[in-house]
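> Handing you this structure, nothing more for now.
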Amino acid sequence: MYKLLEYLKYIGIFTLFIIGIALITSLINLTNLNTNLINKLSIILTAISFFIVSAKASNNLNEKGYILGIKLGLLFVILLILLNLIISKSPFNIDRIIYYIILIASSILGGSFGKNFKIKKLGR
């Protein structure tokens with residue numbers, strides 16, 4: 001039960017990251033920049049959010065970093081696929097599959113990084 005609550009906490013943090021990324025890219029979209037640039041920025045920011053959340057989770061939980069990265073990465077990607085199917089109903093293509101693989105790899109790297117390099121807390 002404790003692990004489920006921890007996973008839910010990290011899903012919440014991930015959701016906040018995604019909402020923040022959506023707001024940032026929407027605001028940047030108002031500046032009439034190139035759409036391809038905005039799409040690439042969105043991919044980079046999402047991969048960074050996967051990395052950060054997995055690093056933080058592996059630093060706090062007592063699991064192997066890469067295993068936790070795989071679990072969280074797959075969980076987050078499943079949530080993104082469900083949101084994509086519900087909201088935009090866009091079809092799967094090779095670009096979308098590569099995007100999800102990049103996100104899972106970022107999560108695995110974040111899990112390994114968080115486990116191997118302890119993040120120091122402020123005030124301690």
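Residue numbers start at 1 in each chain; chains themselves are named A, B, ... in the order of the structure tokens; ligands are numbered from 1 in the order shown.
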Can you tell me which residues surround A:Ile11 at a distance of at most 12 Å, considering only C-alpha atoms, apart from same-chain residues fewer than 6 positions away, and format the answer as a VMD selection string?

chain A and resid 4 to 5 17 to 18 49 to 50 53 to 54 57 71 to 80

> Store the residues picked out above, limited to C-alpha atoms, as an mmCIF file, in the first residue's frame.


```cif
data_model
loop_
_atom_site.group_PDB
_atom_site.id
_atom_site.type_symbol
_atom_site.label_atom_id
_atom_site.label_comp_id
_atom_site.auth_asym_id
_atom_site.auth_seq_id
_atom_site.Cartn_x
_atom_site.Cartn_y
_atom_site.Cartn_z
ATOM 1 C CA LEU A 4 1.169 2.569 -4.324
ATOM 2 C CA LEU A 5 0.879 5.868 -2.465
ATOM 3 C CA PHE A 17 5.201 18.929 -14.930
ATOM 4 C CA ILE A 18 3.031 18.114 -17.953
ATOM 5 C CA SER A 49 10.483 15.935 -16.620
ATOM 6 C CA PHE A 50 10.653 12.120 -16.936
ATOM 7 C CA VAL A 53 10.701 12.621 -11.547
ATOM 8 C CA SER A 54 12.448 9.250 -11.927
ATOM 9 C CA ALA A 57 11.712 8.738 -7.011
ATOM 10 C CA LYS A 71 8.210 1.104 -13.966
ATOM 11 C CA LEU A 72 7.654 4.849 -13.791
ATOM 12 C CA GLY A 73 8.493 5.373 -17.456
ATOM 13 C CA LEU A 74 5.991 2.749 -18.578
ATOM 14 C CA LEU A 75 3.371 4.073 -16.170
ATOM 15 C CA PHE A 76 3.826 7.642 -17.406
ATOM 16 C CA VAL A 77 3.823 6.580 -21.060
ATOM 17 C CA ILE A 78 0.615 4.603 -20.548
ATOM 18 C CA LEU A 79 -0.957 7.692 -18.996
ATOM 19 C CA LEU A 80 0.202 9.814 -21.949
#
```

> Would you mind listing what lies within 10 Å of A:Ala55 as a ChimeraX atom specification, with only C-alpha atoms counted and same-chain residues fewer than 5 positions away left out?

/A:49-50,60,65-66,68-69,106-119

> Just the number, please: distance in Å from atom CA of A:Ile43 to atom CA of A:Ile98, one decimal.

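Between these atoms lies a distance of 11.1 Å.
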
> Here is a test: counting only C-alpha atoms, which residue of A:Leu33, A:Leu61, A:Ala47, A:Leu8 is nearest to A:Tyr100?

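Of all the options, A:Ala47 lies closest to A:Tyr100.
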
> Using only C-alpha atoms for the distances, tell me which of A:Asn34, A:Asn84, A:Ser58, A:Asn29 is nearest to A:Ile70.

A:Ser58

> So which bits of chain A end up helix (DSSP H, G or I) when you DSSP the backbone, as a PyMOL selection string?

chain A and resi 2-29+35-60+65-87+94-116
